[in-house]
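Visitor: File my_file-v6.cif below, mmCIF, C-alpha atoms:
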```
data_data
#
loop_
_atom_site.label_atom_id
_atom_site.label_comp_id
_atom_site.auth_asym_id
_atom_site.auth_seq_id
_atom_site.Cartn_x
_atom_site.Cartn_y
_atom_site.Cartn_z
CA MET A 1 113.17 -19.07 -186.36
CA ASP A 2 112.23 -22.71 -186.41
CA SER A 3 114.38 -25.47 -184.92
CA LYS A 4 115.44 -26.77 -188.34
CA GLN A 5 116.88 -23.36 -189.33
CA LEU A 6 118.52 -22.99 -185.93
CA GLU A 7 120.16 -26.40 -186.26
CA LYS A 8 121.43 -25.48 -189.74
CA PHE A 9 123.05 -22.30 -188.40
CA LYS A 10 124.51 -24.17 -185.43
CA GLU A 11 126.07 -26.73 -187.77
CA GLN A 12 127.47 -23.95 -189.96
CA LEU A 13 128.98 -22.18 -186.93
CA GLU A 14 130.46 -25.43 -185.61
CA GLN A 15 132.05 -26.13 -189.01
CA MET A 16 133.52 -22.61 -189.13
CA LYS A 17 134.89 -23.08 -185.62
CA ALA A 18 136.45 -26.46 -186.45
CA LYS A 19 138.08 -25.07 -189.61
CA ILE A 20 139.61 -22.14 -187.75
CA ILE A 21 140.98 -24.42 -185.04
CA THR A 22 142.40 -26.87 -187.60
CA ASP A 23 143.97 -24.04 -189.61
CA GLU A 24 145.46 -22.56 -186.44
CA GLN A 25 147.06 -25.88 -185.52
CA GLN A 26 148.46 -26.33 -189.04
CA ILE A 27 149.93 -22.84 -189.15
CA ARG A 28 151.54 -23.28 -185.73
CA ALA A 29 153.14 -26.51 -186.92
CA ASP A 30 154.33 -24.84 -190.12
CA LEU A 31 155.75 -21.82 -188.30
CA THR A 32 157.71 -23.95 -185.85
CA THR A 33 159.29 -26.01 -188.64
CA GLN A 34 160.28 -22.98 -190.76
CA HIS A 35 163.05 -21.68 -188.53
CA GLY A 36 165.98 -22.82 -190.66
CA ASN A 37 168.93 -20.64 -191.58
CA ILE A 38 168.09 -18.86 -194.82
CA PRO A 39 171.22 -17.19 -196.15
CA ASP A 40 169.62 -15.21 -198.99
CA PRO A 41 168.30 -11.88 -197.59
CA ASN A 42 165.51 -11.76 -200.17
CA ASP A 43 164.30 -15.24 -199.28
CA ARG A 44 164.52 -14.40 -195.58
CA ALA A 45 162.54 -11.19 -196.13
CA THR A 46 159.89 -13.06 -198.09
CA MET A 47 159.61 -15.67 -195.36
CA GLU A 48 159.26 -12.99 -192.67
CA SER A 49 156.67 -11.14 -194.74
CA ASN A 50 154.68 -14.35 -195.22
CA ARG A 51 154.93 -15.11 -191.51
CA GLY A 52 153.63 -11.63 -190.65
CA PHE A 53 150.77 -12.09 -193.09
CA GLU A 54 149.85 -15.45 -191.54
CA LEU A 55 149.93 -13.96 -188.05
CA ARG A 56 147.57 -11.15 -189.11
CA ILE A 57 145.20 -13.73 -190.58
CA ARG A 58 145.35 -15.73 -187.34
CA THR A 59 144.51 -12.60 -185.34
CA ARG A 60 141.45 -11.99 -187.51
CA GLU A 61 140.43 -15.63 -187.20
CA ARG A 62 140.77 -15.52 -183.41
CA LYS A 63 138.38 -12.56 -183.42
CA LEU A 64 135.99 -14.52 -185.65
CA LEU A 65 136.31 -17.52 -183.33
CA SER A 66 135.24 -15.31 -180.44
CA LYS A 67 132.21 -14.14 -182.45
CA ILE A 68 131.34 -17.75 -183.27
CA GLU A 69 131.51 -18.69 -179.58
CA HIS A 70 129.29 -15.73 -178.75
CA ALA A 71 126.76 -16.76 -181.42
CA LEU A 72 126.69 -20.33 -180.06
CA THR A 73 126.10 -18.95 -176.56
CA ARG A 74 123.24 -16.81 -177.88
CA MET A 75 121.78 -19.99 -179.39
CA GLU A 76 121.91 -21.75 -176.03
CA GLU A 77 120.23 -18.76 -174.39
CA GLY A 78 117.54 -18.56 -177.08
CA GLU A 79 118.73 -15.16 -178.29
CA TYR A 80 120.28 -16.16 -181.61
CA GLY A 81 118.74 -14.42 -184.60
CA VAL A 82 117.46 -11.52 -182.52
CA CYS A 83 118.96 -8.07 -183.07
CA GLN A 84 120.80 -6.89 -179.97
CA GLU A 85 119.92 -3.30 -180.79
CA CYS A 86 116.21 -3.23 -181.66
CA GLY A 87 115.08 -6.70 -180.59
CA ASN A 88 113.63 -7.60 -184.00
CA ASP A 89 114.38 -10.87 -185.73
CA ILE A 90 117.43 -10.93 -187.98
CA ARG A 91 116.41 -12.16 -191.39
CA PRO A 92 117.61 -15.67 -192.27
CA LYS A 93 119.26 -14.36 -195.48
CA ARG A 94 121.48 -12.10 -193.36
CA LEU A 95 122.35 -14.99 -191.05
CA GLU A 96 123.18 -17.16 -194.05
CA ALA A 97 125.61 -14.50 -195.25
CA ARG A 98 126.93 -13.70 -191.77
CA PRO A 99 125.99 -16.39 -189.21
CA VAL A 100 127.68 -14.45 -186.39
CA ALA A 101 125.51 -11.35 -187.00
CA LYS A 102 124.30 -9.66 -183.82
CA PHE A 103 122.35 -6.90 -185.52
CA CYS A 104 119.66 -6.71 -188.17
CA ILE A 105 120.72 -5.04 -191.39
CA ASP A 106 119.03 -1.73 -190.49
CA CYS A 107 120.76 -1.45 -187.11
CA LYS A 108 124.11 -2.53 -188.55
CA THR A 109 123.80 0.07 -191.32
CA LYS A 110 123.05 2.78 -188.74
CA GLN A 111 126.01 1.64 -186.64
CA GLU A 112 128.37 1.81 -189.63
CA GLN A 113 127.09 5.26 -190.56
CA GLN A 114 127.74 6.45 -187.00
CA GLU A 115 131.25 5.03 -187.13
CA LYS A 116 131.90 6.93 -190.38
CA ILE A 117 130.68 10.16 -188.82
CA GLN A 118 132.83 9.63 -185.74
CA GLY A 119 135.84 8.82 -187.91
CA HIS A 120 136.47 5.23 -186.78
#
```
Let's see the structure in the file written out as structure tokens.
Guide:
Amino acid sequence: MDSKQLEKFKEQLEQMKAKIITDEQQIRADLTTQHGNIPDPNDRATMESNRGFELRIRTRERKLLSKIEHALTRMEEGEYGVCQECGNDIRPKRLEARPVAKFCIDCKTKQEQQEKIQGH
């Protein structure tokens, strides 16, 4: 991978990271201001359901943030774009679709098939 491509992926990862952090801060602010007394049980249930949904999204985004950090570390170590399973280069098209990818498409497909067999 040339330095221009690497820089493009680094910029994309940094933008993803910044968006997640900004969203996290906004949601925290929203959740702390939504603690009012809501007398209608249906409204209260809807609010609690929405809050649960937001918290699940935040959990997924924290996991993605961890993957982004790991990808940025791999960049610094010169290992970004290299499959952690077989050692082959990960195709740029795959990295465009999934910039945090650690595996080439073949190894990821094998991994997913194994997970299906094992029932995960």
Visitor: Which residues fall under the PyMOL selection byres ((chain A and resi 3-11) around 8) in this file, as a PyMOL selection string?
Guide: chain A and resi 1-2+12-15+72+75+95-96+99
Visitor: Give the answer as one residue: which of A:Ile68, A:Phe103, A:Ala97, A:Ile90 has the shortest atom-to-atom distance to Lys19 in chain A, using all atoms listed in the file?
Guide: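 So, comparing all the options, the nearest one is A:Ile68.
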Visitor: When distances are computed from only C-alpha atoms, which of A:Arg98, A:Lys63, A:Lys116, A:Arg56 shows the smallest separation from Gly81 in chain A?
Guide: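 The answer is A:Arg98, which sits nearest to Gly81 in chain A.
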Visitor: What is the distance, in Å and to one decimal place, between CA of Cys83 in chain A and CA of Leu65 in chain A?
Guide: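 CA of Leu65 in chain A lies 19.8 Å from CA of Cys83 in chain A.
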Visitor: Tell me, as a list in words, which residues lie within 12 Å of range 86-88 of chain A, counting all atoms listed in the file; anything in the same chain fewer than 2 positions away does not count.
Guide: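 Final neighbour list, sorted by chain and number: Met1, Glu79, Tyr80, Gly81, Val82, Cys83, Gln84, Ile90, Arg91, Lys102, Phe103, Cys104, Ile105, Asp106, Cys107, Lys108 and Lys110 of chain A.
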Visitor: Find, counting all atoms listed in the file, the residue in A:Val100, A:Ala45, A:Ile57, A:Ile27 that gets nearest to His70 in chain A.
Guide: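 Among the listed residues, the smallest separation from His70 in chain A belongs to A:Val100.
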Visitor: Record the distance separating CA of Asn42 in chain A and CA of Ala29 in chain A, expressed in Å with one decimal.
Guide: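 These atoms are spaced 23.4 Å apart.
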Visitor: Suppose a student applies the PyMOL selection byres ((chain A and resi 51) around 12) to this structure; what residues should they get, written as a list in words?
Guide: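 In the shown coordinates, the PyMOL selection byres ((chain A and resi 51) around 12) covers Ile27, Arg28, Asp30, Leu31, Thr32, Gln34, His35, Arg44, Ala45, Thr46, Met47, Glu48, Ser49, Asn50, Gly52, Phe53, Glu54, Leu55, Arg56, Ile57 and Arg58 of chain A.
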Visitor: Give me, please, the distance in Å between CA of Arg94 in chain A and CA of Glu76 in chain A, quoted to one decimal.
Guide: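 Answer for the CA of Arg94 in chain A to CA of Glu76 in chain A separation: 19.8 Å.
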Visitor: Determine the axis-aligned bounding box of all atoms of range 72-89 of chain A present in the file, pad each side by 3 Å, and express its centre and edge lengths in Å to one decimal place as lines of an AutoDock Vina configuration file.
Guide:
```
center_x = 120.2
center_y = -12.5
center_z = -180.1
size_x = 19.1
size_y = 24.5
size_z = 17.3
```
